[in-house]
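Asks: Sharing coords.cif, mmCIF, N, CA and C atoms, pLDDT in the B column; chains and numbers go by the auth columns:
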```
data_start
loop_
_atom_site.group_PDB
_atom_site.id
_atom_site.type_symbol
_atom_site.label_atom_id
_atom_site.label_comp_id
_atom_site.label_asym_id
_atom_site.label_seq_id
_atom_site.Cartn_x
_atom_site.Cartn_y
_atom_site.Cartn_z
_atom_site.B_iso_or_equiv
_atom_site.auth_seq_id
_atom_site.auth_asym_id
ATOM 1 N N MET A 1 35.084 -57.628 -168.749 92.00 1295 A
ATOM 2 C CA MET A 1 34.806 -58.969 -168.259 92.00 1295 A
ATOM 3 C C MET A 1 33.962 -59.694 -169.319 92.00 1295 A
ATOM 4 N N THR A 2 34.373 -60.909 -169.629 95.00 1296 A
ATOM 5 C CA THR A 2 33.646 -61.684 -170.629 95.00 1296 A
ATOM 6 C C THR A 2 32.380 -62.284 -170.004 95.00 1296 A
ATOM 7 N N PRO A 3 31.426 -62.686 -170.838 95.00 1297 A
ATOM 8 C CA PRO A 3 30.223 -63.341 -170.299 95.00 1297 A
ATOM 9 C C PRO A 3 30.563 -64.590 -169.468 95.00 1297 A
ATOM 10 N N ARG A 4 31.537 -65.363 -169.907 96.00 1298 A
ATOM 11 C CA ARG A 4 31.909 -66.575 -169.165 96.00 1298 A
ATOM 12 C C ARG A 4 32.534 -66.208 -167.816 96.00 1298 A
ATOM 13 N N GLU A 5 33.346 -65.164 -167.811 96.00 1299 A
ATOM 14 C CA GLU A 5 33.930 -64.716 -166.547 96.00 1299 A
ATOM 15 C C GLU A 5 32.832 -64.260 -165.582 96.00 1299 A
ATOM 16 N N ARG A 6 31.805 -63.606 -166.109 93.00 1300 A
ATOM 17 C CA ARG A 6 30.672 -63.214 -165.267 93.00 1300 A
ATOM 18 C C ARG A 6 29.992 -64.435 -164.662 93.00 1300 A
ATOM 19 N N GLN A 7 29.830 -65.475 -165.472 95.00 1301 A
ATOM 20 C CA GLN A 7 29.221 -66.711 -164.965 95.00 1301 A
ATOM 21 C C GLN A 7 30.069 -67.299 -163.841 95.00 1301 A
ATOM 22 N N VAL A 8 31.366 -67.368 -164.060 96.00 1302 A
ATOM 23 C CA VAL A 8 32.266 -67.916 -163.051 96.00 1302 A
ATOM 24 C C VAL A 8 32.204 -67.068 -161.785 96.00 1302 A
ATOM 25 N N LEU A 9 32.232 -65.753 -161.936 95.00 1303 A
ATOM 26 C CA LEU A 9 32.171 -64.860 -160.782 95.00 1303 A
ATOM 27 C C LEU A 9 30.883 -65.082 -159.997 95.00 1303 A
ATOM 28 N N HIS A 10 29.782 -65.201 -160.695 92.00 1304 A
ATOM 29 C CA HIS A 10 28.494 -65.443 -160.039 92.00 1304 A
ATOM 30 C C HIS A 10 28.524 -66.747 -159.234 92.00 1304 A
ATOM 31 N N LEU A 11 29.055 -67.789 -159.821 95.00 1305 A
ATOM 32 C CA LEU A 11 29.108 -69.085 -159.137 95.00 1305 A
ATOM 33 C C LEU A 11 30.098 -69.065 -157.972 95.00 1305 A
ATOM 34 N N VAL A 12 31.204 -68.351 -158.121 93.00 1306 A
ATOM 35 C CA VAL A 12 32.148 -68.184 -157.006 93.00 1306 A
ATOM 36 C C VAL A 12 31.433 -67.490 -155.853 93.00 1306 A
ATOM 37 N N ALA A 13 30.706 -66.425 -156.176 91.00 1307 A
ATOM 38 C CA ALA A 13 29.998 -65.658 -155.146 91.00 1307 A
ATOM 39 C C ALA A 13 28.929 -66.489 -154.454 91.00 1307 A
ATOM 40 N N GLU A 14 28.369 -67.465 -155.160 92.00 1308 A
ATOM 41 C CA GLU A 14 27.377 -68.362 -154.558 92.00 1308 A
ATOM 42 C C GLU A 14 28.029 -69.410 -153.664 92.00 1308 A
ATOM 43 N N GLY A 15 29.361 -69.467 -153.692 92.00 1309 A
ATOM 44 C CA GLY A 15 30.070 -70.392 -152.819 92.00 1309 A
ATOM 45 C C GLY A 15 30.427 -71.731 -153.432 92.00 1309 A
ATOM 46 N N HIS A 16 30.309 -71.848 -154.745 95.00 1310 A
ATOM 47 C CA HIS A 16 30.639 -73.110 -155.413 95.00 1310 A
ATOM 48 C C HIS A 16 32.146 -73.320 -155.467 95.00 1310 A
ATOM 49 N N MET A 17 32.547 -74.555 -155.329 96.00 1311 A
ATOM 50 C CA MET A 17 33.955 -74.943 -155.445 96.00 1311 A
ATOM 51 C C MET A 17 34.330 -74.990 -156.929 96.00 1311 A
ATOM 52 N N THR A 18 35.620 -74.932 -157.204 96.00 1312 A
ATOM 53 C CA THR A 18 36.114 -74.933 -158.581 96.00 1312 A
ATOM 54 C C THR A 18 35.590 -76.136 -159.362 96.00 1312 A
ATOM 55 N N SER A 19 35.636 -77.303 -158.762 98.00 1313 A
ATOM 56 C CA SER A 19 35.177 -78.508 -159.464 98.00 1313 A
ATOM 57 C C SER A 19 33.670 -78.458 -159.737 98.00 1313 A
ATOM 58 N N GLU A 20 32.913 -77.861 -158.819 98.00 1314 A
ATOM 59 C CA GLU A 20 31.466 -77.717 -159.037 98.00 1314 A
ATOM 60 C C GLU A 20 31.194 -76.756 -160.195 98.00 1314 A
ATOM 61 N N ILE A 21 31.929 -75.655 -160.227 97.00 1315 A
ATOM 62 C CA ILE A 21 31.761 -74.676 -161.307 97.00 1315 A
ATOM 63 C C ILE A 21 32.082 -75.332 -162.649 97.00 1315 A
ATOM 64 N N ALA A 22 33.162 -76.091 -162.675 98.00 1316 A
ATOM 65 C CA ALA A 22 33.540 -76.794 -163.906 98.00 1316 A
ATOM 66 C C ALA A 22 32.415 -77.711 -164.370 98.00 1316 A
ATOM 67 N N GLY A 23 31.836 -78.449 -163.440 98.00 1317 A
ATOM 68 C CA GLY A 23 30.741 -79.347 -163.804 98.00 1317 A
ATOM 69 C C GLY A 23 29.509 -78.609 -164.277 98.00 1317 A
ATOM 70 N N LEU A 24 29.156 -77.541 -163.583 98.00 1318 A
ATOM 71 C CA LEU A 24 27.969 -76.769 -163.951 98.00 1318 A
ATOM 72 C C LEU A 24 28.100 -76.119 -165.325 98.00 1318 A
ATOM 73 N N LEU A 25 29.296 -75.641 -165.634 98.00 1319 A
ATOM 74 C CA LEU A 25 29.522 -74.961 -166.909 98.00 1319 A
ATOM 75 C C LEU A 25 30.044 -75.893 -167.996 98.00 1319 A
ATOM 76 N N GLU A 26 30.275 -77.139 -167.633 98.00 1320 A
ATOM 77 C CA GLU A 26 30.787 -78.149 -168.561 98.00 1320 A
ATOM 78 C C GLU A 26 32.108 -77.706 -169.194 98.00 1320 A
ATOM 79 N N ILE A 27 33.025 -77.261 -168.320 98.00 1321 A
ATOM 80 C CA ILE A 27 34.375 -76.881 -168.724 98.00 1321 A
ATOM 81 C C ILE A 27 35.351 -77.552 -167.756 98.00 1321 A
ATOM 82 N N SER A 28 36.629 -77.507 -168.075 98.00 1322 A
ATOM 83 C CA SER A 28 37.610 -78.163 -167.208 98.00 1322 A
ATOM 84 C C SER A 28 37.893 -77.315 -165.973 98.00 1322 A
ATOM 85 N N VAL A 29 38.400 -77.960 -164.945 98.00 1323 A
ATOM 86 C CA VAL A 29 38.810 -77.276 -163.722 98.00 1323 A
ATOM 87 C C VAL A 29 39.872 -76.234 -164.059 98.00 1323 A
ATOM 88 N N LYS A 30 40.801 -76.587 -164.926 98.00 1324 A
ATOM 89 C CA LYS A 30 41.867 -75.662 -165.325 98.00 1324 A
ATOM 90 C C LYS A 30 41.281 -74.406 -165.973 98.00 1324 A
ATOM 91 N N THR A 31 40.260 -74.564 -166.790 98.00 1325 A
ATOM 92 C CA THR A 31 39.621 -73.414 -167.436 98.00 1325 A
ATOM 93 C C THR A 31 38.968 -72.511 -166.397 98.00 1325 A
ATOM 94 N N VAL A 32 38.327 -73.096 -165.395 98.00 1326 A
ATOM 95 C CA VAL A 32 37.749 -72.299 -164.305 98.00 1326 A
ATOM 96 C C VAL A 32 38.854 -71.525 -163.600 98.00 1326 A
ATOM 97 N N GLU A 33 39.970 -72.174 -163.336 97.00 1327 A
ATOM 98 C CA GLU A 33 41.091 -71.514 -162.664 97.00 1327 A
ATOM 99 C C GLU A 33 41.630 -70.351 -163.493 97.00 1327 A
ATOM 100 N N VAL A 34 41.684 -70.528 -164.811 98.00 1328 A
ATOM 101 C CA VAL A 34 42.149 -69.450 -165.693 98.00 1328 A
ATOM 102 C C VAL A 34 41.163 -68.283 -165.649 98.00 1328 A
ATOM 103 N N HIS A 35 39.862 -68.587 -165.714 97.00 1329 A
ATOM 104 C CA HIS A 35 38.852 -67.518 -165.639 97.00 1329 A
ATOM 105 C C HIS A 35 38.960 -66.771 -164.305 97.00 1329 A
ATOM 106 N N ARG A 36 39.126 -67.507 -163.221 96.00 1330 A
ATOM 107 C CA ARG A 36 39.251 -66.882 -161.903 96.00 1330 A
ATOM 108 C C ARG A 36 40.509 -65.995 -161.844 96.00 1330 A
ATOM 109 N N ALA A 37 41.617 -66.478 -162.378 96.00 1331 A
ATOM 110 C CA ALA A 37 42.859 -65.689 -162.392 96.00 1331 A
ATOM 111 C C ALA A 37 42.681 -64.422 -163.234 96.00 1331 A
ATOM 112 N N ASN A 38 42.015 -64.541 -164.372 97.00 1332 A
ATOM 113 C CA ASN A 38 41.749 -63.377 -165.216 97.00 1332 A
ATOM 114 C C ASN A 38 40.866 -62.368 -164.484 97.00 1332 A
ATOM 115 N N LEU A 39 39.849 -62.860 -163.790 96.00 1333 A
ATOM 116 C CA LEU A 39 38.976 -61.978 -163.012 96.00 1333 A
ATOM 117 C C LEU A 39 39.767 -61.243 -161.943 96.00 1333 A
ATOM 118 N N MET A 40 40.604 -61.965 -161.243 96.00 1334 A
ATOM 119 C CA MET A 40 41.390 -61.351 -160.178 96.00 1334 A
ATOM 120 C C MET A 40 42.308 -60.265 -160.740 96.00 1334 A
ATOM 121 N N ARG A 41 42.913 -60.550 -161.867 97.00 1335 A
ATOM 122 C CA ARG A 41 43.799 -59.565 -162.494 97.00 1335 A
ATOM 123 C C ARG A 41 43.008 -58.345 -162.941 97.00 1335 A
ATOM 124 N N LYS A 42 41.892 -58.567 -163.636 96.00 1336 A
ATOM 125 C CA LYS A 42 41.083 -57.467 -164.165 96.00 1336 A
ATOM 126 C C LYS A 42 40.474 -56.612 -163.059 96.00 1336 A
ATOM 127 N N LEU A 43 40.095 -57.239 -161.965 95.00 1337 A
ATOM 128 C CA LEU A 43 39.413 -56.525 -160.887 95.00 1337 A
ATOM 129 C C LEU A 43 40.362 -56.060 -159.784 95.00 1337 A
ATOM 130 N N GLY A 44 41.613 -56.435 -159.890 95.00 1338 A
ATOM 131 C CA GLY A 44 42.579 -56.069 -158.860 95.00 1338 A
ATOM 132 C C GLY A 44 42.331 -56.790 -157.546 95.00 1338 A
ATOM 133 N N ALA A 45 41.754 -57.977 -157.626 95.00 1339 A
ATOM 134 C CA ALA A 45 41.447 -58.769 -156.430 95.00 1339 A
ATOM 135 C C ALA A 45 42.690 -59.524 -155.981 95.00 1339 A
ATOM 136 N N ARG A 46 42.874 -59.591 -154.670 96.00 1340 A
ATOM 137 C CA ARG A 46 44.028 -60.321 -154.125 96.00 1340 A
ATOM 138 C C ARG A 46 43.686 -61.771 -153.817 96.00 1340 A
ATOM 139 N N ASN A 47 42.391 -62.044 -153.610 93.00 1341 A
ATOM 140 C CA ASN A 47 41.974 -63.398 -153.231 93.00 1341 A
ATOM 141 C C ASN A 47 40.493 -63.595 -153.580 93.00 1341 A
ATOM 142 N N GLN A 48 40.002 -64.773 -153.285 89.00 1342 A
ATOM 143 C CA GLN A 48 38.618 -65.100 -153.625 89.00 1342 A
ATOM 144 C C GLN A 48 37.630 -64.236 -152.846 89.00 1342 A
ATOM 145 N N THR A 49 37.976 -63.866 -151.634 93.00 1343 A
ATOM 146 C CA THR A 49 37.101 -63.006 -150.838 93.00 1343 A
ATOM 147 C C THR A 49 36.876 -61.677 -151.554 93.00 1343 A
ATOM 148 N N ASP A 50 37.920 -61.125 -152.133 94.00 1344 A
ATOM 149 C CA ASP A 50 37.778 -59.882 -152.896 94.00 1344 A
ATOM 150 C C ASP A 50 36.834 -60.079 -154.080 94.00 1344 A
ATOM 151 N N LEU A 51 36.911 -61.229 -154.734 92.00 1345 A
ATOM 152 C CA LEU A 51 36.006 -61.507 -155.850 92.00 1345 A
ATOM 153 C C LEU A 51 34.556 -61.545 -155.380 92.00 1345 A
ATOM 154 N N VAL A 52 34.322 -62.199 -154.261 92.00 1346 A
ATOM 155 C CA VAL A 52 32.964 -62.304 -153.722 92.00 1346 A
ATOM 156 C C VAL A 52 32.447 -60.921 -153.338 92.00 1346 A
ATOM 157 N N ARG A 53 33.288 -60.121 -152.697 93.00 1347 A
ATOM 158 C CA ARG A 53 32.880 -58.750 -152.335 93.00 1347 A
ATOM 159 C C ARG A 53 32.491 -57.960 -153.571 93.00 1347 A
ATOM 160 N N TYR A 54 33.289 -58.067 -154.626 93.00 1348 A
ATOM 161 C CA TYR A 54 32.983 -57.364 -155.871 93.00 1348 A
ATOM 162 C C TYR A 54 31.624 -57.820 -156.415 93.00 1348 A
ATOM 163 N N ALA A 55 31.419 -59.117 -156.464 90.00 1349 A
ATOM 164 C CA ALA A 55 30.166 -59.664 -157.000 90.00 1349 A
ATOM 165 C C ALA A 55 28.971 -59.185 -156.181 90.00 1349 A
ATOM 166 N N LEU A 56 29.109 -59.163 -154.868 90.00 1350 A
ATOM 167 C CA LEU A 56 28.005 -58.716 -154.016 90.00 1350 A
ATOM 168 C C LEU A 56 27.716 -57.234 -154.221 90.00 1350 A
ATOM 169 N N ARG A 57 28.749 -56.424 -154.348 89.00 1351 A
ATOM 170 C CA ARG A 57 28.539 -54.990 -154.599 89.00 1351 A
ATOM 171 C C ARG A 57 27.813 -54.781 -155.922 89.00 1351 A
ATOM 172 N N GLN A 58 28.223 -55.540 -156.946 86.00 1352 A
ATOM 173 C CA GLN A 58 27.571 -55.417 -158.254 86.00 1352 A
ATOM 174 C C GLN A 58 26.107 -55.835 -158.175 86.00 1352 A
ATOM 175 N N GLU A 59 25.834 -56.912 -157.448 80.00 1353 A
ATOM 176 C CA GLU A 59 24.458 -57.394 -157.308 80.00 1353 A
ATOM 177 C C GLU A 59 23.610 -56.369 -156.564 80.00 1353 A
ATOM 178 N N LEU A 60 24.157 -55.758 -155.525 70.00 1354 A
ATOM 179 C CA LEU A 60 23.417 -54.734 -154.779 70.00 1354 A
ATOM 180 C C LEU A 60 23.119 -53.537 -155.668 70.00 1354 A
ATOM 181 N N ARG A 61 24.076 -53.140 -156.482 72.00 1355 A
ATOM 182 C CA ARG A 61 23.848 -52.014 -157.409 72.00 1355 A
ATOM 183 C C ARG A 61 22.770 -52.365 -158.420 72.00 1355 A
ATOM 184 N N SER A 62 22.842 -53.576 -158.962 72.00 1356 A
ATOM 185 C CA SER A 62 21.860 -54.010 -159.958 72.00 1356 A
ATOM 186 C C SER A 62 20.458 -54.054 -159.361 72.00 1356 A
ATOM 187 N N SER A 63 20.354 -54.618 -158.155 66.00 1357 A
ATOM 188 C CA SER A 63 19.027 -54.743 -157.549 66.00 1357 A
ATOM 189 C C SER A 63 18.472 -53.380 -157.165 66.00 1357 A
ATOM 190 N N SER A 64 19.317 -52.430 -156.756 63.00 1358 A
ATOM 191 C CA SER A 64 18.808 -51.104 -156.421 63.00 1358 A
ATOM 192 C C SER A 64 18.360 -50.368 -157.679 63.00 1358 A
ATOM 193 N N ARG A 65 19.041 -50.595 -158.799 66.00 1359 A
ATOM 194 C CA ARG A 65 18.596 -50.004 -160.067 66.00 1359 A
ATOM 195 C C ARG A 65 17.261 -50.584 -160.491 66.00 1359 A
ATOM 196 N N ARG A 66 17.104 -51.890 -160.339 64.00 1360 A
ATOM 197 C CA ARG A 66 15.845 -52.536 -160.734 64.00 1360 A
ATOM 198 C C ARG A 66 14.687 -52.035 -159.886 64.00 1360 A
ATOM 199 N N SER A 67 14.909 -51.800 -158.583 61.00 1361 A
ATOM 200 C CA SER A 67 13.818 -51.362 -157.723 61.00 1361 A
ATOM 201 C C SER A 67 13.407 -49.921 -158.016 61.00 1361 A
ATOM 202 N N ARG A 68 14.306 -49.135 -158.595 61.00 1362 A
ATOM 203 C CA ARG A 68 13.950 -47.763 -158.954 61.00 1362 A
ATOM 204 C C ARG A 68 13.129 -47.705 -160.232 61.00 1362 A
ATOM 205 N N ASP A 69 13.223 -48.733 -161.061 57.00 1363 A
ATOM 206 C CA ASP A 69 12.510 -48.730 -162.364 57.00 1363 A
ATOM 207 C C ASP A 69 11.044 -49.008 -162.204 57.00 1363 A
#
```
The structure in this file should be written as structure tokens.

Replies:
Amino acid sequence: MTPRERQVLHLVAEGHMTSEIAGLLEISVKTVEVHRANLMRKLGARNQTDLVRYALRQELRSSSRRSRD
């Protein structure tokens, strides 16, 4: 996953719409859609809900690692 794809995934998980993500990252709506499609392909996600679930699982893993340190 590229750094930009991570940014898009994070914003998707926060509930931002495609147009909002485009504005926040200063990229086109089409570029956001391409990043989302690439994420879905790479992660084997069938829909946006799967992307959000993945992002939440990753965040939970990260936060549990941080609390152990």

Asks: How many Å separate CA of Ile1321 (chain A) from CA of Arg1300 (chain A)?

Replies: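 Between these atoms lies a distance of 14.6 Å.
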
Asks: Would you mind reading off the distance between CA of Glu1353 (chain A) and CA of His1304 (chain A), one decimal, in Å?

Replies: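 We find that CA of Glu1353 (chain A) and CA of His1304 (chain A) lie 9.4 Å from each other.
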
Asks: For Ala1316 (chain A), find every residue with an atom within 7 Å (counting all atoms listed in the file), except residues of its own chain fewer than 6 positions away, and show them as a PyMOL selection string.

Replies: chain A and resi 1322-1323+1326

Asks: For the atom pair CA of Tyr1348 (chain A) and CA of Val1306 (chain A), what is the interatomic distance in Å to one decimal place?

Replies: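 Separation between CA of Tyr1348 (chain A) and CA of Val1306 (chain A): 10.9 Å.
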
Asks: Using only C-alpha atoms and a cutoff of 12 Å, can you tell me which residues are near (36.8, -57.8, -171.0) in the file's coordinates, and write them out as a PyMOL selection string?

Replies: chain A and resi 1295-1300+1329+1332-1333+1335-1337

Asks: Determine the nearest neighbour of Val1346 (chain A) from the options A:Ala1307, A:Val1328, A:Met1334, A:Val1302, counting only C-alpha atoms.

Replies: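 When distances to Val1346 (chain A) are compared using only C-alpha atoms, the smallest one comes from A:Ala1307.
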
Asks: Would you mind writing down, as a PyMOL selection string, each residue of chain A that DSSP on the backbone assigns to alpha helix (DSSP H)?

Replies: chain A and resi 1297-1307+1312-1319+1323-1337+1342-1362

Asks: Missing atoms in region 1333-1347 of chain A: can you complete it with N, CA, C and O atoms, as a short mmCIF file (atom, residue, chain, number, x, y, z; two decimals), keeping the file's coordinate frame?

Replies:
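The file below, result24.cif, is the result:
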```
data_model
loop_
_atom_site.label_atom_id
_atom_site.label_comp_id
_atom_site.auth_asym_id
_atom_site.auth_seq_id
_atom_site.Cartn_x
_atom_site.Cartn_y
_atom_site.Cartn_z
N LEU A 1333 39.85 -62.86 -163.79
CA LEU A 1333 38.98 -61.98 -163.01
C LEU A 1333 39.77 -61.24 -161.94
O LEU A 1333 39.61 -60.02 -161.76
N MET A 1334 40.60 -61.96 -161.24
CA MET A 1334 41.39 -61.35 -160.18
C MET A 1334 42.31 -60.26 -160.74
O MET A 1334 42.41 -59.18 -160.16
N ARG A 1335 42.91 -60.55 -161.87
CA ARG A 1335 43.80 -59.56 -162.49
C ARG A 1335 43.01 -58.34 -162.94
O ARG A 1335 43.37 -57.20 -162.65
N LYS A 1336 41.89 -58.57 -163.64
CA LYS A 1336 41.08 -57.47 -164.16
C LYS A 1336 40.47 -56.61 -163.06
O LYS A 1336 40.32 -55.40 -163.23
N LEU A 1337 40.10 -57.24 -161.96
CA LEU A 1337 39.41 -56.52 -160.89
C LEU A 1337 40.36 -56.06 -159.78
O LEU A 1337 39.94 -55.38 -158.85
N GLY A 1338 41.61 -56.44 -159.89
CA GLY A 1338 42.58 -56.07 -158.86
C GLY A 1338 42.33 -56.79 -157.55
O GLY A 1338 42.67 -56.28 -156.48
N ALA A 1339 41.75 -57.98 -157.63
CA ALA A 1339 41.45 -58.77 -156.43
C ALA A 1339 42.69 -59.52 -155.98
O ALA A 1339 43.45 -60.03 -156.80
N ARG A 1340 42.87 -59.59 -154.67
CA ARG A 1340 44.03 -60.32 -154.12
C ARG A 1340 43.69 -61.77 -153.82
O ARG A 1340 44.56 -62.62 -153.74
N ASN A 1341 42.39 -62.04 -153.61
CA ASN A 1341 41.97 -63.40 -153.23
C ASN A 1341 40.49 -63.60 -153.58
O ASN A 1341 39.84 -62.68 -154.08
N GLN A 1342 40.00 -64.77 -153.28
CA GLN A 1342 38.62 -65.10 -153.62
C GLN A 1342 37.63 -64.24 -152.85
O GLN A 1342 36.57 -63.88 -153.36
N THR A 1343 37.98 -63.87 -151.63
CA THR A 1343 37.10 -63.01 -150.84
C THR A 1343 36.88 -61.68 -151.55
O THR A 1343 35.75 -61.17 -151.58
N ASP A 1344 37.92 -61.12 -152.13
CA ASP A 1344 37.78 -59.88 -152.90
C ASP A 1344 36.83 -60.08 -154.08
O ASP A 1344 36.04 -59.19 -154.40
N LEU A 1345 36.91 -61.23 -154.73
CA LEU A 1345 36.01 -61.51 -155.85
C LEU A 1345 34.56 -61.54 -155.38
O LEU A 1345 33.67 -60.98 -156.02
N VAL A 1346 34.32 -62.20 -154.26
CA VAL A 1346 32.96 -62.30 -153.72
C VAL A 1346 32.45 -60.92 -153.34
O VAL A 1346 31.31 -60.56 -153.64
N ARG A 1347 33.29 -60.12 -152.70
CA ARG A 1347 32.88 -58.75 -152.34
C ARG A 1347 32.49 -57.96 -153.57
O ARG A 1347 31.50 -57.24 -153.58
#
```
